[in-house]
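Trainee: Structure in C-alpha cells, see below.
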Amino acid sequence: MKSSPSWGRIALFAVIGVFILVPLAQTIITSFVSTLPRAGIAEGHFSLVNYQNILHSDVLKHSIVNSIIYVVLNVALCLGVGLPAAYAFARYSFAGDRQLFFLLLVFRITPTVVLSLPIFVLFAQIGLANTPVGIALVHCVFNIPISIWILEGFIAAVPREFDETAFLDGHSLPSFFFRHLVPAIAPGIGVAAFFCFIFSWVEVVLARILTTTGGKPITMAINGLFGFRTDFGLVMAMTVLAVVPGIAMIYFVRNHLAKGFVIRT
C-alpha cells in the first residue's frame with residue numbers, strides 16, 4: 001500500500017516552487033511593461049515595445065546570434081573530443097592514465113580569470129578575439145575535461161563484452177562506436193551536453209575579456225543595458241530571451257538527463 005506524501009514535504013516543495021517561480025514570473029511580466037516614457041505609450045503600461053526594440057537593435061540581435069553560435073560549437077566540439085577520449089580512458093590502460101585523468105579535472109577547477117590574459121593575447125595574435133568562434137574554443141578548454149569525466153563513467157559502466165560482441169559481428173571501431181556505443185550511453189551524452197551548454201551560456205568573465213569590440217554574447221549585451229537611466233523592461237525582455245534556450249535544452253534532453261543523473265549517481 002502506497003503511503004501518501006506528508007504535508008511537510010508538500011509544503012517544502014511549494015516553498016521551493018514559489019521561490020523559483022515568483023522571480024521568473026516577475027521577470028516575464030516586467031518584460032511586457034514600458035518602464036520608460038515613450039511617445040504614445042504611457043509608462044507602466046503593458047506593451048510589446050521592449051521586444052520590438054530588440055528586433056530593431058542590431059547589437060541585441062547579433063548578441064543572441066553570437067551566443068547561439070558559440071554554444072552550439074562548444075557543445076559539438078566538447079562531445080566530438082570528449083567521446084573518443086573518454087573511450088580511451090575507460091577501455092585502455094597506458095602509463096600515467098589515471099594521473100592524466102586527474103590532471104584534467106584539476107585543470108577544470110582552475111579559475112577562468114587566471115587564464116584570461118594569456119588567452120586574450122594569444123587569440124588577439126591569431127585573429128580569434130572578438131569572435132564567437134574564439135569564445136567557443138576557450139570554453140572548450142574548460143568544458144572538455146568535465147565532458148571526458150562524465151562520459152568515462154558511463155562508458156566504463158558498459159561491459160567490455162558489449163564491445164567484443166560487436167567486433168565479432170564484424171563491426172569496425174567507428175561502426176561500433178556510432179551504431180552501438182553512442183546509443184548505449186545516450187543518457188551520459190545528454191548530461192555532458194547539458195553541463196557544457198550551461199557553462200558556456202552563462203559564462204561572463206571570458207566573454208567580457210574576449211569581446212571588447214565585437215562578437216559580444218547575450219550576457220554582455222544585457223550587462224551593457226545598465227546605465228544612468230536603465231530601461232528595466234528591455235533588460236527583462238533580453239533576460240527572458242536568454243532563459244528560453246536553456247529551457248529548450250532541458251526539454252530536448254530531459255529523458256536522457258533524468259536517466260543520466262540516476263546512472264551516474
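Residue names in the C-alpha cells use chain letters A, B, ... in the order shown, residue numbers from 1 in each chain, and ligand numbers from 1 in the order shown.
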Run DSSP on the backbone of this structure and report the residues of range 139-219 of chain A it assigns to alpha helix (DSSP H), as a ChimeraX atom specification.
Mentor: /A:139-157,160-168,173-176,182-184,186-202,205-210,218-219
Trainee: Residues within 12 Å of Glu164 in chain A, please, as a PyMOL selection string. Count only C-alpha atoms; anything in the same chain fewer than 5 positions from it doesn't count.
Mentor: chain A and resi 91+158-159+169-173+176+180-181
Trainee: Go ahead and compute the interatomic distance for CA of Ala156 in chain A and CA of Pro183 in chain A, in Å to one decimal.
Mentor: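 Separation of CA of Ala156 in chain A and CA of Pro183 in chain A: 14.6 Å.
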Trainee: Any idea what the distance is between CA of Ala88 in chain A and CA of Ile148 in chain A?
Mentor: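 Computing it gives 10.0 Å between the two atoms.
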Trainee: One decimal, in Å: what's the spacing between CA of Thr211 in chain A and CA of Leu77 in chain A?
Mentor: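 If I compute the distance from CA of Thr211 in chain A to CA of Leu77 in chain A, I get 20.6 Å.
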Trainee: Contacts of range 58-74 of chain A at 7 Å or less, counting only C-alpha atoms, minus same-chain residues fewer than 5 places along, as a compact mmCIF listing (two decimals) with N, CA and C atoms, in the first residue's frame?
Mentor:
# COMPACT_ATOMS: atom_id res chain seq x y z
N PRO A 132 32.69 34.79 -32.09
CA PRO A 132 32.04 33.67 -31.38
C PRO A 132 32.87 32.40 -31.40
N VAL A 133 33.63 32.20 -32.48
CA VAL A 133 34.47 31.00 -32.56
C VAL A 133 35.52 31.01 -31.47
N ILE A 135 35.32 32.43 -28.49
CA ILE A 135 34.70 32.11 -27.21
C ILE A 135 34.40 30.62 -27.12
N ALA A 136 33.93 30.03 -28.22
CA ALA A 136 33.62 28.59 -28.22
C ALA A 136 34.87 27.78 -27.91
N LEU A 137 36.00 28.14 -28.54
CA LEU A 137 37.23 27.39 -28.33
C LEU A 137 37.74 27.50 -26.90
N HIS A 139 35.98 28.15 -24.24
CA HIS A 139 35.07 27.42 -23.36
C HIS A 139 35.33 25.92 -23.43
N CYS A 140 35.75 25.44 -24.60
CA CYS A 140 36.08 24.02 -24.73
C CYS A 140 37.23 23.63 -23.82
N PHE A 197 26.61 23.11 -22.14
CA PHE A 197 25.73 24.20 -22.56
C PHE A 197 25.58 25.24 -21.45
N SER A 200 28.77 27.34 -20.85
CA SER A 200 29.05 28.23 -21.97
C SER A 200 28.02 29.35 -22.07
N TRP A 201 26.76 29.04 -21.81
CA TRP A 201 25.70 30.03 -21.99
C TRP A 201 25.76 31.14 -20.94
N GLY A 215 31.47 40.70 -31.43
CA GLY A 215 31.17 39.31 -31.09
C GLY A 215 30.59 39.12 -29.72
N LYS A 216 29.99 40.17 -29.14
CA LYS A 216 29.50 40.09 -27.76
C LYS A 216 28.33 39.11 -27.65
N PRO A 217 28.33 38.28 -26.61
CA PRO A 217 27.20 37.35 -26.40
C PRO A 217 26.06 38.04 -25.68
N ILE A 218 25.00 37.32 -25.44
CA ILE A 218 23.81 37.89 -24.84
C ILE A 218 24.06 38.35 -23.40
N ALA A 221 25.56 41.73 -23.68
CA ALA A 221 24.56 42.68 -24.18
C ALA A 221 23.64 43.13 -23.05
Trainee: Of the residues A:Phe252, A:Phe89, A:Tyr51, A:Phe102, which is the one nearest to Ala237 in chain A, using only C-alpha atoms?
Mentor: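 Of A:Phe252, A:Phe89, A:Tyr51, A:Phe102, the one nearest Ala237 in chain A is A:Tyr51, counting only C-alpha atoms.
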Trainee: Write out as a compact mmCIF listing (two decimals) with N, CA, C and O atoms, in the first residue's frame the set of residues from range 11-188 of chain A that DSSP, computed on the backbone, places in strand (DSSP E or B).
Mentor:
# COMPACT_ATOMS: atom_id res chain seq x y z
N VAL A 33 6.27 45.40 -19.89
CA VAL A 33 5.91 46.71 -19.34
C VAL A 33 6.86 47.77 -19.88
O VAL A 33 8.07 47.57 -19.92
N ARG A 38 7.61 56.81 -23.36
CA ARG A 38 7.80 56.81 -24.81
C ARG A 38 6.60 57.46 -25.47
O ARG A 38 5.51 57.50 -24.89
N ILE A 41 3.05 55.66 -25.61
CA ILE A 41 2.96 54.56 -24.64
C ILE A 41 3.21 55.11 -23.25
O ILE A 41 4.30 55.65 -22.97
N PHE A 46 1.27 47.81 -20.15
CA PHE A 46 1.70 46.61 -20.85
C PHE A 46 1.85 46.91 -22.34
O PHE A 46 1.00 47.58 -22.94
Trainee: For Leu48 in chain A, which residue out of A:Pro245, A:Gly190, A:Pro174, A:Gly233 is the nearest one, using only C-alpha atoms?
Mentor: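 Closest to Leu48 in chain A of all the choices is A:Gly233.
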Trainee: Hey, which of A:Asn53, A:Ser6, A:Thr165, A:Ser47 ends up closest to Met238 in chain A? Count only C-alpha atoms.
Mentor: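 Counting only C-alpha atoms, the residue closest to Met238 in chain A is A:Asn53.
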Trainee: Write out as number ranges by chain the residues lying within 10 Å of Phe232 in chain A, counting only C-alpha atoms and excluding same-chain residues fewer than 3 positions away.
Mentor: A: 27, 30-31, 33-36, 50, 225-226, 229, 235-238
Trainee: Once you have the residues from the selection above, write them out as an mmCIF file, in the first residue's frame, restricted to N, CA, C and O atoms.
Mentor:
data_model
loop_
_atom_site.group_PDB
_atom_site.id
_atom_site.type_symbol
_atom_site.label_atom_id
_atom_site.label_comp_id
_atom_site.auth_asym_id
_atom_site.auth_seq_id
_atom_site.Cartn_x
_atom_site.Cartn_y
_atom_site.Cartn_z
ATOM 1 N N THR A 27 9.909 38.636 -13.818
ATOM 2 C CA THR A 27 10.742 38.972 -14.973
ATOM 3 C C THR A 27 9.917 38.990 -16.250
ATOM 4 O O THR A 27 10.030 39.911 -17.072
ATOM 5 N N THR A 30 7.470 42.019 -16.233
ATOM 6 C CA THR A 30 8.170 43.290 -16.443
ATOM 7 C C THR A 30 8.642 43.432 -17.886
ATOM 8 O O THR A 30 8.737 44.550 -18.402
ATOM 9 N N SER A 31 8.931 42.302 -18.552
ATOM 10 C CA SER A 31 9.399 42.381 -19.941
ATOM 11 C C SER A 31 8.324 42.924 -20.871
ATOM 12 O O SER A 31 8.629 43.377 -21.976
ATOM 13 N N VAL A 33 6.272 45.401 -19.893
ATOM 14 C CA VAL A 33 5.908 46.708 -19.343
ATOM 15 C C VAL A 33 6.862 47.772 -19.885
ATOM 16 O O VAL A 33 8.075 47.573 -19.925
ATOM 17 N N SER A 34 6.307 48.895 -20.291
ATOM 18 C CA SER A 34 7.125 50.028 -20.719
ATOM 19 C C SER A 34 7.612 50.763 -19.479
ATOM 20 O O SER A 34 6.832 51.426 -18.790
ATOM 21 N N THR A 35 8.882 50.618 -19.167
ATOM 22 C CA THR A 35 9.424 51.187 -17.927
ATOM 23 C C THR A 35 10.014 52.571 -18.118
ATOM 24 O O THR A 35 10.438 53.192 -17.144
ATOM 25 N N LEU A 36 10.046 53.058 -19.348
ATOM 26 C CA LEU A 36 10.488 54.424 -19.625
ATOM 27 C C LEU A 36 9.411 55.125 -20.447
ATOM 28 O O LEU A 36 8.726 54.478 -21.253
ATOM 29 N N ASN A 50 9.261 46.482 -25.727
ATOM 30 C CA ASN A 50 10.604 46.002 -25.372
ATOM 31 C C ASN A 50 11.104 44.959 -26.373
ATOM 32 O O ASN A 50 12.263 44.992 -26.794
ATOM 33 N N LEU A 225 23.218 47.086 -21.050
ATOM 34 C CA LEU A 225 21.971 47.848 -20.971
ATOM 35 C C LEU A 225 21.855 48.644 -19.681
ATOM 36 O O LEU A 225 21.021 49.544 -19.576
ATOM 37 N N PHE A 226 22.657 48.301 -18.675
ATOM 38 C CA PHE A 226 22.605 49.023 -17.413
ATOM 39 C C PHE A 226 23.393 50.323 -17.530
ATOM 40 O O PHE A 226 24.525 50.334 -18.027
ATOM 41 N N ARG A 229 20.281 55.645 -16.857
ATOM 42 C CA ARG A 229 18.830 55.534 -16.954
ATOM 43 C C ARG A 229 18.499 54.194 -17.585
ATOM 44 O O ARG A 229 18.291 54.086 -18.791
ATOM 45 N N VAL A 235 15.717 45.220 -20.305
ATOM 46 C CA VAL A 235 16.606 44.254 -19.646
ATOM 47 C C VAL A 235 15.874 42.947 -19.376
ATOM 48 O O VAL A 235 16.396 41.850 -19.624
ATOM 49 N N MET A 236 14.649 43.046 -18.882
ATOM 50 C CA MET A 236 13.876 41.844 -18.583
ATOM 51 C C MET A 236 13.496 41.089 -19.856
ATOM 52 O O MET A 236 13.458 39.858 -19.866
ATOM 53 N N ALA A 237 13.230 41.818 -20.939
ATOM 54 C CA ALA A 237 12.921 41.157 -22.207
ATOM 55 C C ALA A 237 14.121 40.364 -22.708
ATOM 56 O O ALA A 237 13.986 39.220 -23.172
ATOM 57 N N MET A 238 15.309 40.958 -22.619
ATOM 58 C CA MET A 238 16.520 40.234 -23.014
ATOM 59 C C MET A 238 16.776 39.045 -22.087
ATOM 60 O O MET A 238 17.233 37.989 -22.526
#
Trainee: Between A:Ile247, A:Thr213, A:Phe120, A:Val240, which residue has the minimum interatomic distance to Ala25 in chain A, considering only C-alpha atoms?
Mentor: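 With only C-alpha atoms as the atom set, the closest residue is A:Val240.
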Trainee: Given the choices A:Phe167, A:Phe194, A:Leu55, A:Leu100, which gets closest to Tyr251 in chain A if the distance is worked out from only C-alpha atoms?
Mentor: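 Counting only C-alpha atoms, the residue closest to Tyr251 in chain A is A:Phe194.
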